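Below: data02.pdb (PDB, C-alpha atoms, pLDDT in the B column)
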ATOM      1  CA  MET A 187     -15.577  -9.059   5.169  1.00 48.00           C
ATOM      2  CA  THR A 188     -17.926 -10.371   7.790  1.00 44.00           C
ATOM      3  CA  THR A 189     -21.540  -9.349   7.592  1.00 43.00           C
ATOM      4  CA  GLY A 190     -22.441  -6.732  10.123  1.00 47.00           C
ATOM      5  CA  ALA A 191     -24.942  -4.352  11.610  1.00 50.00           C
ATOM      6  CA  THR A 192     -27.117  -2.371   9.252  1.00 47.00           C
ATOM      7  CA  GLY A 193     -28.856   0.970   9.357  1.00 48.00           C
ATOM      8  CA  THR A 194     -30.538   3.121   6.730  1.00 46.00           C
ATOM      9  CA  ASP A 195     -29.273   5.971   4.625  1.00 46.00           C
ATOM     10  CA  ASN A 196     -31.037   8.497   2.417  1.00 47.00           C
ATOM     11  CA  VAL A 197     -28.441   8.308  -0.377  1.00 59.00           C
ATOM     12  CA  LEU A 198     -29.356   4.759  -1.378  1.00 65.00           C
ATOM     13  CA  GLY A 199     -32.686   4.425   0.390  1.00 72.00           C
ATOM     14  CA  ARG A 200     -31.762   0.886   1.451  1.00 77.00           C
ATOM     15  CA  PRO A 201     -30.371  -0.617   4.667  1.00 84.00           C
ATOM     16  CA  LEU A 202     -26.619  -0.096   4.952  1.00 92.00           C
ATOM     17  CA  ARG A 203     -24.078  -2.534   6.335  1.00 93.00           C
ATOM     18  CA  LYS A 204     -21.756  -0.682   8.720  1.00 96.00           C
ATOM     19  CA  ALA A 205     -18.087  -1.312   7.892  1.00 97.00           C
ATOM     20  CA  ALA A 206     -14.697  -0.166   9.167  1.00 98.00           C
ATOM     21  CA  ARG A 207     -11.744   0.068   6.784  1.00 98.00           C
ATOM     22  CA  VAL A 208      -8.108   0.725   7.642  1.00 98.00           C
ATOM     23  CA  VAL A 209      -5.467   2.813   5.890  1.00 98.00           C
ATOM     24  CA  LEU A 210      -2.571   0.902   7.453  1.00 98.00           C
ATOM     25  CA  LEU A 211       0.823   2.559   7.042  1.00 98.00           C
ATOM     26  CA  ASP A 212       4.224   1.020   7.752  1.00 98.00           C
ATOM     27  CA  PRO A 213       7.331   2.973   8.914  1.00 98.00           C
ATOM     28  CA  GLU A 214       8.097   3.849   5.255  1.00 98.00           C
ATOM     29  CA  ASP A 215       4.569   5.296   4.776  1.00 98.00           C
ATOM     30  CA  ARG A 216       3.559   2.437   2.494  1.00 98.00           C
ATOM     31  CA  VAL A 217      -0.116   1.457   2.626  1.00 98.00           C
ATOM     32  CA  LEU A 218      -1.212  -2.176   2.908  1.00 98.00           C
ATOM     33  CA  LEU A 219      -3.805  -3.260   0.362  1.00 98.00           C
ATOM     34  CA  MET A 220      -5.569  -6.549  -0.211  1.00 98.00           C
ATOM     35  CA  HIS A 221      -5.837  -8.020  -3.710  1.00 98.00           C
ATOM     36  CA  GLY A 222      -9.330  -9.341  -4.252  1.00 95.00           C
ATOM     37  CA  PHE A 223     -11.341 -10.900  -7.022  1.00 95.00           C
ATOM     38  CA  GLU A 224     -14.866 -11.975  -7.825  1.00 91.00           C
ATOM     39  CA  PRO A 225     -15.068 -15.680  -6.842  1.00 91.00           C
ATOM     40  CA  ALA A 226     -17.008 -16.575 -10.009  1.00 89.00           C
ATOM     41  CA  GLU A 227     -14.703 -14.431 -12.190  1.00 90.00           C
ATOM     42  CA  PRO A 228     -11.129 -14.793 -10.872  1.00 90.00           C
ATOM     43  CA  ASP A 229      -9.745 -12.560 -13.643  1.00 92.00           C
ATOM     44  CA  ARG A 230     -11.804  -9.583 -12.351  1.00 91.00           C
ATOM     45  CA  ARG A 231      -9.435  -8.170  -9.702  1.00 95.00           C
ATOM     46  CA  TRP A 232      -8.981  -5.059  -7.603  1.00 95.00           C
ATOM     47  CA  TRP A 233      -7.047  -3.695  -4.612  1.00 98.00           C
ATOM     48  CA  PHE A 234      -8.687  -2.430  -1.424  1.00 97.00           C
ATOM     49  CA  THR A 235      -7.989  -1.522   2.192  1.00 98.00           C
ATOM     50  CA  PRO A 236      -8.406  -4.167   4.914  1.00 98.00           C
ATOM     51  CA  GLY A 237     -11.675  -4.009   6.798  1.00 97.00           C
ATOM     52  CA  GLY A 238     -15.197  -5.304   7.041  1.00 95.00           C
ATOM     53  CA  GLY A 239     -18.521  -5.264   8.769  1.00 95.00           C
ATOM     54  CA  LEU A 240     -19.174  -4.440  12.397  1.00 97.00           C
ATOM     55  CA  GLU A 241     -20.219  -7.436  14.488  1.00 96.00           C
ATOM     56  CA  GLY A 242     -22.803  -7.224  17.264  1.00 95.00           C
ATOM     57  CA  GLU A 243     -22.253  -4.145  19.440  1.00 96.00           C
ATOM     58  CA  GLU A 244     -18.752  -3.466  18.089  1.00 97.00           C
ATOM     59  CA  THR A 245     -17.691   0.112  17.522  1.00 97.00           C
ATOM     60  CA  PRO A 246     -16.114   1.008  14.178  1.00 98.00           C
ATOM     61  CA  ALA A 247     -12.715   1.282  15.932  1.00 98.00           C
ATOM     62  CA  GLU A 248     -13.064  -2.188  17.477  1.00 98.00           C
ATOM     63  CA  ALA A 249     -14.081  -3.637  14.101  1.00 98.00           C
ATOM     64  CA  ALA A 250     -11.118  -1.943  12.401  1.00 98.00           C
ATOM     65  CA  LEU A 251      -8.606  -3.558  14.763  1.00 98.00           C
ATOM     66  CA  ARG A 252     -10.309  -6.966  14.602  1.00 97.00           C
ATOM     67  CA  GLU A 253     -10.502  -6.924  10.810  1.00 97.00           C
ATOM     68  CA  VAL A 254      -6.821  -5.964  10.406  1.00 98.00           C
ATOM     69  CA  ALA A 255      -5.797  -8.828  12.694  1.00 97.00           C
ATOM     70  CA  GLU A 256      -8.058 -11.337  10.919  1.00 97.00           C
ATOM     71  CA  GLU A 257      -7.257 -10.276   7.349  1.00 97.00           C
ATOM     72  CA  THR A 258      -3.547  -9.522   7.640  1.00 97.00           C
ATOM     73  CA  GLY A 259      -2.264 -11.198  10.804  1.00 97.00           C
ATOM     74  CA  ILE A 260      -0.971  -7.802  11.973  1.00 98.00           C
ATOM     75  CA  THR A 261      -1.746  -7.191  15.647  1.00 97.00           C
ATOM     76  CA  ASP A 262       0.799  -4.468  16.497  1.00 97.00           C
ATOM     77  CA  VAL A 263      -1.407  -1.591  15.337  1.00 98.00           C
ATOM     78  CA  GLU A 264      -1.726   1.969  16.581  1.00 98.00           C
ATOM     79  CA  LEU A 265      -5.192   3.060  15.506  1.00 98.00           C
ATOM     80  CA  GLY A 266      -5.554   6.723  14.670  1.00 98.00           C
ATOM     81  CA  PRO A 267      -8.458   8.955  13.692  1.00 98.00           C
ATOM     82  CA  VAL A 268     -11.177   8.425  11.126  1.00 98.00           C
ATOM     83  CA  LEU A 269      -9.892   9.978   7.904  1.00 98.00           C
ATOM     84  CA  TRP A 270     -12.808   9.527   5.550  1.00 98.00           C
ATOM     85  CA  ARG A 271     -16.386   8.281   5.462  1.00 98.00           C
ATOM     86  CA  ARG A 272     -18.313   7.073   2.462  1.00 96.00           C
ATOM     87  CA  VAL A 273     -21.334   5.159   1.270  1.00 96.00           C
ATOM     88  CA  CYS A 274     -20.728   2.552  -1.389  1.00 95.00           C
ATOM     89  CA  SER A 275     -22.731  -0.080  -3.202  1.00 93.00           C
ATOM     90  CA  PHE A 276     -21.306  -2.947  -5.221  1.00 89.00           C
ATOM     91  CA  VAL A 277     -22.087  -6.443  -6.433  1.00 87.00           C
ATOM     92  CA  PHE A 278     -19.878  -9.181  -5.009  1.00 89.00           C
ATOM     93  CA  ASP A 279     -20.329 -12.944  -4.835  1.00 87.00           C
ATOM     94  CA  GLY A 280     -23.773 -12.790  -6.400  1.00 85.00           C
ATOM     95  CA  ARG A 281     -25.295 -10.151  -4.130  1.00 88.00           C
ATOM     96  CA  ARG A 282     -25.412  -6.386  -3.737  1.00 90.00           C
ATOM     97  CA  TRP A 283     -23.590  -4.899  -0.755  1.00 88.00           C
ATOM     98  CA  ASP A 284     -24.641  -1.432   0.429  1.00 93.00           C
ATOM     99  CA  GLN A 285     -22.218  -0.057   3.010  1.00 95.00           C
ATOM    100  CA  GLU A 286     -21.451   2.935   5.155  1.00 96.00           C
ATOM    101  CA  GLU A 287     -17.693   2.895   5.721  1.00 97.00           C
ATOM    102  CA  TRP A 288     -15.335   4.574   8.183  1.00 98.00           C
ATOM    103  CA  PHE A 289     -11.680   4.711   7.020  1.00 98.00           C
ATOM    104  CA  PHE A 290      -9.287   4.774   9.976  1.00 98.00           C
ATOM    105  CA  LEU A 291      -5.647   5.784   9.850  1.00 98.00           C
ATOM    106  CA  ALA A 292      -3.414   3.204  11.513  1.00 98.00           C
ATOM    107  CA  ARG A 293       0.307   2.638  11.838  1.00 98.00           C
ATOM    108  CA  THR A 294       2.353  -0.484  12.414  1.00 98.00           C
ATOM    109  CA  ARG A 295       5.967  -1.589  12.570  1.00 98.00           C
ATOM    110  CA  GLN A 296       4.893  -5.159  11.756  1.00 97.00           C
ATOM    111  CA  THR A 297       5.169  -5.646   7.980  1.00 97.00           C
ATOM    112  CA  ARG A 298       4.996  -9.449   7.793  1.00 97.00           C
ATOM    113  CA  THR A 299       1.473 -10.523   6.866  1.00 97.00           C
ATOM    114  CA  VAL A 300      -0.411 -13.819   6.991  1.00 95.00           C
ATOM    115  CA  LEU A 301      -3.787 -14.761   5.574  1.00 93.00           C
ATOM    116  CA  THR A 302      -4.711 -17.459   8.100  1.00 91.00           C
ATOM    117  CA  GLY A 303      -7.622 -15.553   9.701  1.00 93.00           C
ATOM    118  CA  LEU A 304      -9.728 -15.135   6.568  1.00 95.00           C
ATOM    119  CA  THR A 305     -13.367 -16.180   6.429  1.00 91.00           C
ATOM    120  CA  GLU A 306     -14.447 -18.796   3.890  1.00 92.00           C
ATOM    121  CA  LEU A 307     -15.645 -16.086   1.468  1.00 91.00           C
ATOM    122  CA  GLU A 308     -12.397 -14.134   1.918  1.00 94.00           C
ATOM    123  CA  ARG A 309     -10.356 -17.278   1.176  1.00 94.00           C
ATOM    124  CA  ARG A 310     -12.344 -17.706  -2.055  1.00 93.00           C
ATOM    125  CA  SER A 311     -11.762 -14.085  -3.110  1.00 94.00           C
ATOM    126  CA  THR A 312      -8.341 -12.932  -1.866  1.00 96.00           C
ATOM    127  CA  ALA A 313      -5.188 -13.227  -3.978  1.00 95.00           C
ATOM    128  CA  GLY A 314      -2.814 -11.687  -1.443  1.00 96.00           C
ATOM    129  CA  LEU A 315      -1.552  -8.527   0.237  1.00 98.00           C
ATOM    130  CA  ARG A 316       0.929  -5.867  -0.840  1.00 98.00           C
ATOM    131  CA  TRP A 317       2.553  -2.802   0.694  1.00 98.00           C
ATOM    132  CA  TRP A 318       2.239   0.112  -1.774  1.00 98.00           C
ATOM    133  CA  SER A 319       4.262   3.302  -1.837  1.00 98.00           C
ATOM    134  CA  SER A 320       2.332   6.450  -2.671  1.00 98.00           C
ATOM    135  CA  ALA A 321       4.229   6.696  -5.986  1.00 98.00           C
ATOM    136  CA  ALA A 322       3.413   3.087  -6.953  1.00 98.00           C
ATOM    137  CA  LEU A 323      -0.230   3.595  -6.057  1.00 98.00           C
ATOM    138  CA  SER A 324      -0.390   6.791  -8.131  1.00 98.00           C
ATOM    139  CA  ALA A 325       1.214   5.038 -11.112  1.00 98.00           C
ATOM    140  CA  THR A 326      -0.850   1.847 -11.137  1.00 98.00           C
ATOM    141  CA  ARG A 327      -3.445   1.172 -13.797  1.00 97.00           C
ATOM    142  CA  GLU A 328      -5.021  -1.543 -11.666  1.00 97.00           C
ATOM    143  CA  THR A 329      -8.409  -0.981 -10.045  1.00 96.00           C
ATOM    144  CA  VAL A 330      -8.165   0.355  -6.481  1.00 97.00           C
ATOM    145  CA  TYR A 331     -10.956   1.151  -4.012  1.00 96.00           C
ATOM    146  CA  PRO A 332     -11.792   3.735  -2.962  1.00 96.00           C
ATOM    147  CA  THR A 333     -11.145   4.984  -6.476  1.00 95.00           C
ATOM    148  CA  ARG A 334      -9.427   8.180  -5.247  1.00 97.00           C
ATOM    149  CA  LEU A 335      -7.128   6.340  -2.813  1.00 98.00           C
ATOM    150  CA  ALA A 336      -3.868   7.435  -4.495  1.00 98.00           C
ATOM    151  CA  GLU A 337      -4.857  11.116  -4.294  1.00 98.00           C
ATOM    152  CA  LEU A 338      -6.243  10.763  -0.763  1.00 98.00           C
ATOM    153  CA  LEU A 339      -3.077   9.006   0.435  1.00 98.00           C
ATOM    154  CA  ARG A 340      -0.812  11.669  -1.095  1.00 98.00           C
ATOM    155  CA  THR A 341      -2.803  14.408   0.655  1.00 98.00           C
ATOM    156  CA  LEU A 342      -2.687  12.471   3.939  1.00 98.00           C
ATOM    157  CA  LEU A 343       1.092  12.064   3.722  1.00 98.00           C
ATOM    158  CA  ASP A 344       1.629  15.706   2.719  1.00 98.00           C
ATOM    159  CA  GLU A 345      -0.813  17.379   5.124  1.00 98.00           C
ATOM    160  CA  GLY A 346      -1.525  14.845   7.870  1.00 98.00           C
ATOM    161  CA  PRO A 347      -4.957  13.630   8.940  1.00 98.00           C
ATOM    162  CA  PRO A 348      -7.914  15.993   8.492  1.00 98.00           C
ATOM    163  CA  SER A 349      -9.282  17.660  11.628  1.00 97.00           C
ATOM    164  CA  THR A 350     -12.675  16.056  10.941  1.00 98.00           C
ATOM    165  CA  PRO A 351     -13.420  13.077   8.674  1.00 98.00           C
ATOM    166  CA  ILE A 352     -13.847  13.932   5.001  1.00 97.00           C
ATOM    167  CA  VAL A 353     -17.073  12.637   3.476  1.00 97.00           C
ATOM    168  CA  LEU A 354     -16.203  11.034   0.132  1.00 97.00           C
ATOM    169  CA  ALA A 355     -18.638  10.947  -2.767  1.00 95.00           C
ATOM    170  CA  PRO A 356     -20.700   7.751  -2.833  1.00 94.00           C
ATOM    171  CA  GLU A 357     -19.305   5.007  -5.066  1.00 93.00           C
ATOM    172  CA  ILE A 358     -21.918   2.829  -6.714  1.00 92.00           C
ATOM    173  CA  ALA A 359     -20.825   0.027  -8.999  1.00 86.00           C
TER     174      ALA A 359
END
Could you render the structure from this file as structure tokens?
Amino acid sequence: MTTGATGTDNVLGRPLRKAARVVLLDPEDRVLLMHGFEPAEPDRRWWFTPGGGLEGEETPAEAALREVAEETGITDVELGPVLWRRVCSFVFDGRRWDQEEWFFLARTRQTRTVLTGLTELERRSTAGLRWWSSAALSATRETVYPTRLAELLRTLLDEGPPSTPIVLAPEIA
């Protein structure tokens, strides 16, 4: 979750951090999610897709591949199309983050993960990684972001990627 380039957006009326997120699927169509928590409140936990802010002149695709490698140790990745876009706003580590996010589809055969490339903030707020089946994701009562991920993943697996990215409703927490 490196800080990245910002722009502006009419939805929030504030500068937006540009971020790339990755819906990384293994050969069994399981999705890899990170288990995070608020550093000051370690019992407040959630699951989310790997990804983070664009750095310098990086494209969203370049950031997606870099972030997956840094956050998961997975480098054998076939990056696919942008599935979804969204604007979100949340409080984390004592500050508000306003982001415009691109969610890329990606596939890998490499299922072993390592957390050695995390930033200092990520080390203070990451509990681990887990491969989730669509059924397990649909059944969980744990918090997952984006909040509609189980439904979106099921549609993706049933119908394939959309012809153009779907714009998700803004999530503001």
Exercise. Looking at all atoms listed in the file, which of A:Ser349, A:Thr297, A:Thr333, A:Thr258 is the one that sits closest to A:Thr312?
Worked result: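 Using all atoms listed in the file, the shortest distance to A:Thr312 belongs to A:Thr258.
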Exercise. Interatomic distance between atom CA of A:Glu328 and atom CA of A:Arg203?
Worked result: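 Going from atom CA of A:Glu328 over to atom CA of A:Arg203 covers 26.2 Å.
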Problem set entry | Explicit residue set for the PyMOL selection byres ((chain A and resi 310) around 12), as number ranges by chain | A: 187, 221-228, 278-279, 301, 304-309, 311-314
Each side padded by 4 Å, which centre and which edge lengths in Å (one decimal) define the axis-aligned box around the listed atoms of stretch 255-258 of chain A? Give them as JSON.
{"center_x": -5.8, "center_y": -10.1, "center_z": 10.0, "size_x": 12.5, "size_y": 10.5, "size_z": 13.3}
Problem set entry | Shortest interatomic distance to A:Phe234 - which of A:Cys274, A:Thr294, A:Leu219, A:Arg316, counting all atoms listed in the file |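 That would be A:Leu219, the residue with the smallest distance to A:Phe234.
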Problem set entry | Explicit residues for the PyMOL selection byres ((chain A and resi 289) around 8) (as a ChimeraX atom specification) | /A:206-209,268-271,287-288,290-291
If the PyMOL selection byres ((chain A and resi 355) around 10) were run on this exact file, what residues would it hold? Put them as a PDB file with C-alpha atoms, in the coordinates of the input.
ATOM      1  CA  ARG A 271     -16.386   8.281   5.462  1.00 98.00           C
ATOM      2  CA  ARG A 272     -18.313   7.073   2.462  1.00 96.00           C
ATOM      3  CA  VAL A 273     -21.334   5.159   1.270  1.00 96.00           C
ATOM      4  CA  CYS A 274     -20.728   2.552  -1.389  1.00 95.00           C
ATOM      5  CA  PRO A 332     -11.792   3.735  -2.962  1.00 96.00           C
ATOM      6  CA  ARG A 334      -9.427   8.180  -5.247  1.00 97.00           C
ATOM      7  CA  ILE A 352     -13.847  13.932   5.001  1.00 97.00           C
ATOM      8  CA  VAL A 353     -17.073  12.637   3.476  1.00 97.00           C
ATOM      9  CA  LEU A 354     -16.203  11.034   0.132  1.00 97.00           C
ATOM     10  CA  PRO A 356     -20.700   7.751  -2.833  1.00 94.00           C
ATOM     11  CA  GLU A 357     -19.305   5.007  -5.066  1.00 93.00           C
ATOM     12  CA  ILE A 358     -21.918   2.829  -6.714  1.00 92.00           C
TER      13      ILE A 358
END
For this session: For each of A:Ala250, A:Val277, A:Met220, A:Leu343, take the minimum atom-to-atom distance to A:Thr235, counting all atoms listed in the file, then give the residue where this is smallest.
Result: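 Ranking A:Ala250, A:Val277, A:Met220, A:Leu343 by distance to A:Thr235, first place goes to A:Met220.
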Exercise. Residues at most 12 Å from A:Thr245, counting all atoms listed in the file, excluding those fewer than 4 positions away in the same chain, as number ranges by chain?
Worked result: A: 190-191, 204-206, 239-241, 249-252, 288
Exercise. If you measure from atom CA of A:Val300 to atom CA of A:Gly266, what distance in Å do you get, rounded to one decimal?
Worked result: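 Pair atom CA of A:Val300 / atom CA of A:Gly266 returns 22.5 Å.
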For this session: Go through A:Asp212, A:Ala292, A:Gly199, A:Leu339 and flag the residue nearest A:Gly237, using only C-alpha atoms for the distances.
Result: A:Ala292
Exercise. For the atom pair atom CA of A:Arg216 and atom CA of A:Glu256, what is the interatomic distance in Å to one decimal place?
Worked result: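 It comes out at 19.9 Å.
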For this session: Do a neighbour search on A:Thr299 at 10 Å with all atoms listed in the file, toss out local chain neighbours closer than 3 positions, and write the hits as a VMD selection string.
Result: chain A and resid 218 255 257 to 261 296 302 314 to 317
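Each of A:Asp215, A:Glu243, A:Glu264, A:Asp284 was compared to A:Arg200 using all atoms listed in the file, and A:Asp284 turns out to be the nearest.
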Exercise. Pick the closest to A:Leu202 from A:Trp318, A:Pro348, A:Arg298, A:Glu286: which is it, counting all atoms listed in the file?
Worked result: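 Among A:Trp318, A:Pro348, A:Arg298, A:Glu286, it is A:Glu286 that comes nearest to A:Leu202.
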Because the input lacks atoms here, generate N, CA and C atoms for stretch 230-265 of chain A and report them as a PDB file, keeping the file's coordinate frame.
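Just written: rebuild_35.pdb:
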ATOM      1  N   ARG A 230     -11.320 -10.921 -12.718  1.00 91.00           N
ATOM      2  CA  ARG A 230     -11.804  -9.583 -12.351  1.00 91.00           C
ATOM      3  C   ARG A 230     -11.233  -9.248 -10.974  1.00 91.00           C
ATOM      4  N   ARG A 231     -10.179  -8.424 -10.942  1.00 95.00           N
ATOM      5  CA  ARG A 231      -9.435  -8.170  -9.702  1.00 95.00           C
ATOM      6  C   ARG A 231      -9.354  -6.697  -9.362  1.00 95.00           C
ATOM      7  N   TRP A 232      -9.116  -6.426  -8.088  1.00 95.00           N
ATOM      8  CA  TRP A 232      -8.981  -5.059  -7.603  1.00 95.00           C
ATOM      9  C   TRP A 232      -8.197  -5.080  -6.297  1.00 95.00           C
ATOM     10  N   TRP A 233      -7.752  -3.894  -5.880  1.00 98.00           N
ATOM     11  CA  TRP A 233      -7.047  -3.695  -4.612  1.00 98.00           C
ATOM     12  C   TRP A 233      -7.936  -2.889  -3.690  1.00 98.00           C
ATOM     13  N   PHE A 234      -7.844  -3.140  -2.381  1.00 97.00           N
ATOM     14  CA  PHE A 234      -8.687  -2.430  -1.424  1.00 97.00           C
ATOM     15  C   PHE A 234      -8.046  -2.479  -0.039  1.00 97.00           C
ATOM     16  N   THR A 235      -8.499  -1.585   0.828  1.00 98.00           N
ATOM     17  CA  THR A 235      -7.989  -1.522   2.192  1.00 98.00           C
ATOM     18  C   THR A 235      -8.581  -2.651   3.030  1.00 98.00           C
ATOM     19  N   PRO A 236      -7.837  -3.164   4.003  1.00 98.00           N
ATOM     20  CA  PRO A 236      -8.406  -4.167   4.914  1.00 98.00           C
ATOM     21  C   PRO A 236      -9.606  -3.582   5.657  1.00 98.00           C
ATOM     22  N   GLY A 237     -10.523  -4.446   6.019  1.00 97.00           N
ATOM     23  CA  GLY A 237     -11.675  -4.009   6.798  1.00 97.00           C
ATOM     24  C   GLY A 237     -12.889  -4.850   6.518  1.00 97.00           C
ATOM     25  N   GLY A 238     -13.960  -4.557   7.227  1.00 95.00           N
ATOM     26  CA  GLY A 238     -15.197  -5.304   7.041  1.00 95.00           C
ATOM     27  C   GLY A 238     -16.274  -4.857   7.996  1.00 95.00           C
ATOM     28  N   GLY A 239     -17.321  -5.621   8.026  1.00 95.00           N
ATOM     29  CA  GLY A 239     -18.521  -5.264   8.769  1.00 95.00           C
ATOM     30  C   GLY A 239     -18.378  -5.323  10.271  1.00 95.00           C
ATOM     31  N   LEU A 240     -19.110  -4.430  10.938  1.00 97.00           N
ATOM     32  CA  LEU A 240     -19.174  -4.440  12.397  1.00 97.00           C
ATOM     33  C   LEU A 240     -19.968  -5.660  12.842  1.00 97.00           C
ATOM     34  N   GLU A 241     -19.540  -6.267  13.939  1.00 96.00           N
ATOM     35  CA  GLU A 241     -20.219  -7.436  14.488  1.00 96.00           C
ATOM     36  C   GLU A 241     -20.856  -7.074  15.828  1.00 96.00           C
ATOM     37  N   GLY A 242     -22.117  -7.455  15.998  1.00 95.00           N
ATOM     38  CA  GLY A 242     -22.803  -7.224  17.264  1.00 95.00           C
ATOM     39  C   GLY A 242     -22.775  -5.765  17.667  1.00 95.00           C
ATOM     40  N   GLU A 243     -22.305  -5.508  18.895  1.00 96.00           N
ATOM     41  CA  GLU A 243     -22.253  -4.145  19.440  1.00 96.00           C
ATOM     42  C   GLU A 243     -20.891  -3.487  19.244  1.00 96.00           C
ATOM     43  N   GLU A 244     -20.081  -4.017  18.345  1.00 97.00           N
ATOM     44  CA  GLU A 244     -18.752  -3.466  18.089  1.00 97.00           C
ATOM     45  C   GLU A 244     -18.821  -2.013  17.633  1.00 97.00           C
ATOM     46  N   THR A 245     -17.850  -1.233  18.060  1.00 97.00           N
ATOM     47  CA  THR A 245     -17.691   0.112  17.522  1.00 97.00           C
ATOM     48  C   THR A 245     -16.903   0.008  16.219  1.00 97.00           C
ATOM     49  N   PRO A 246     -16.945   1.039  15.383  1.00 98.00           N
ATOM     50  CA  PRO A 246     -16.114   1.008  14.178  1.00 98.00           C
ATOM     51  C   PRO A 246     -14.622   0.815  14.503  1.00 98.00           C
ATOM     52  N   ALA A 247     -14.129   1.438  15.563  1.00 98.00           N
ATOM     53  CA  ALA A 247     -12.715   1.282  15.932  1.00 98.00           C
ATOM     54  C   ALA A 247     -12.400  -0.160  16.316  1.00 98.00           C
ATOM     55  N   GLU A 248     -13.277  -0.783  17.089  1.00 98.00           N
ATOM     56  CA  GLU A 248     -13.064  -2.188  17.477  1.00 98.00           C
ATOM     57  C   GLU A 248     -13.081  -3.089  16.247  1.00 98.00           C
ATOM     58  N   ALA A 249     -14.008  -2.842  15.327  1.00 98.00           N
ATOM     59  CA  ALA A 249     -14.081  -3.637  14.101  1.00 98.00           C
ATOM     60  C   ALA A 249     -12.827  -3.442  13.261  1.00 98.00           C
ATOM     61  N   ALA A 250     -12.324  -2.214  13.190  1.00 98.00           N
ATOM     62  CA  ALA A 250     -11.118  -1.943  12.401  1.00 98.00           C
ATOM     63  C   ALA A 250      -9.942  -2.778  12.902  1.00 98.00           C
ATOM     64  N   LEU A 251      -9.722  -2.785  14.204  1.00 98.00           N
ATOM     65  CA  LEU A 251      -8.606  -3.558  14.763  1.00 98.00           C
ATOM     66  C   LEU A 251      -8.803  -5.055  14.570  1.00 98.00           C
ATOM     67  N   ARG A 252     -10.027  -5.536  14.788  1.00 97.00           N
ATOM     68  CA  ARG A 252     -10.309  -6.966  14.602  1.00 97.00           C
ATOM     69  C   ARG A 252     -10.090  -7.372  13.153  1.00 97.00           C
ATOM     70  N   GLU A 253     -10.621  -6.591  12.227  1.00 97.00           N
ATOM     71  CA  GLU A 253     -10.502  -6.924  10.810  1.00 97.00           C
ATOM     72  C   GLU A 253      -9.041  -6.932  10.343  1.00 97.00           C
ATOM     73  N   VAL A 254      -8.246  -5.971  10.785  1.00 98.00           N
ATOM     74  CA  VAL A 254      -6.821  -5.964  10.406  1.00 98.00           C
ATOM     75  C   VAL A 254      -6.148  -7.239  10.902  1.00 98.00           C
ATOM     76  N   ALA A 255      -6.403  -7.611  12.142  1.00 97.00           N
ATOM     77  CA  ALA A 255      -5.797  -8.828  12.694  1.00 97.00           C
ATOM     78  C   ALA A 255      -6.242 -10.059  11.907  1.00 97.00           C
ATOM     79  N   GLU A 256      -7.541 -10.169  11.636  1.00 97.00           N
ATOM     80  CA  GLU A 256      -8.058 -11.337  10.919  1.00 97.00           C
ATOM     81  C   GLU A 256      -7.560 -11.406   9.482  1.00 97.00           C
ATOM     82  N   GLU A 257      -7.560 -10.268   8.776  1.00 97.00           N
ATOM     83  CA  GLU A 257      -7.257 -10.276   7.349  1.00 97.00           C
ATOM     84  C   GLU A 257      -5.780 -10.186   7.015  1.00 97.00           C
ATOM     85  N   THR A 258      -4.972  -9.714   7.947  1.00 97.00           N
ATOM     86  CA  THR A 258      -3.547  -9.522   7.640  1.00 97.00           C
ATOM     87  C   THR A 258      -2.613 -10.227   8.609  1.00 97.00           C
ATOM     88  N   GLY A 259      -3.111 -10.619   9.771  1.00 97.00           N
ATOM     89  CA  GLY A 259      -2.264 -11.198  10.804  1.00 97.00           C
ATOM     90  C   GLY A 259      -1.497 -10.149  11.597  1.00 97.00           C
ATOM     91  N   ILE A 260      -1.684  -8.882  11.287  1.00 98.00           N
ATOM     92  CA  ILE A 260      -0.971  -7.802  11.973  1.00 98.00           C
ATOM     93  C   ILE A 260      -1.755  -7.404  13.221  1.00 98.00           C
ATOM     94  N   THR A 261      -1.096  -7.517  14.371  1.00 97.00           N
ATOM     95  CA  THR A 261      -1.746  -7.191  15.647  1.00 97.00           C
ATOM     96  C   THR A 261      -1.092  -6.005  16.353  1.00 97.00           C
ATOM     97  N   ASP A 262       0.099  -5.620  15.926  1.00 97.00           N
ATOM     98  CA  ASP A 262       0.799  -4.468  16.497  1.00 97.00           C
ATOM     99  C   ASP A 262       0.363  -3.230  15.724  1.00 97.00           C
ATOM    100  N   VAL A 263      -0.797  -2.687  16.095  1.00 98.00           N
ATOM    101  CA  VAL A 263      -1.407  -1.591  15.337  1.00 98.00           C
ATOM    102  C   VAL A 263      -1.724  -0.441  16.279  1.00 98.00           C
ATOM    103  N   GLU A 264      -1.340   0.748  15.874  1.00 98.00           N
ATOM    104  CA  GLU A 264      -1.726   1.969  16.581  1.00 98.00           C
ATOM    105  C   GLU A 264      -2.829   2.626  15.757  1.00 98.00           C
ATOM    106  N   LEU A 265      -4.050   2.522  16.244  1.00 98.00           N
ATOM    107  CA  LEU A 265      -5.192   3.060  15.506  1.00 98.00           C
ATOM    108  C   LEU A 265      -5.287   4.560  15.722  1.00 98.00           C
TER     109      LEU A 265
END
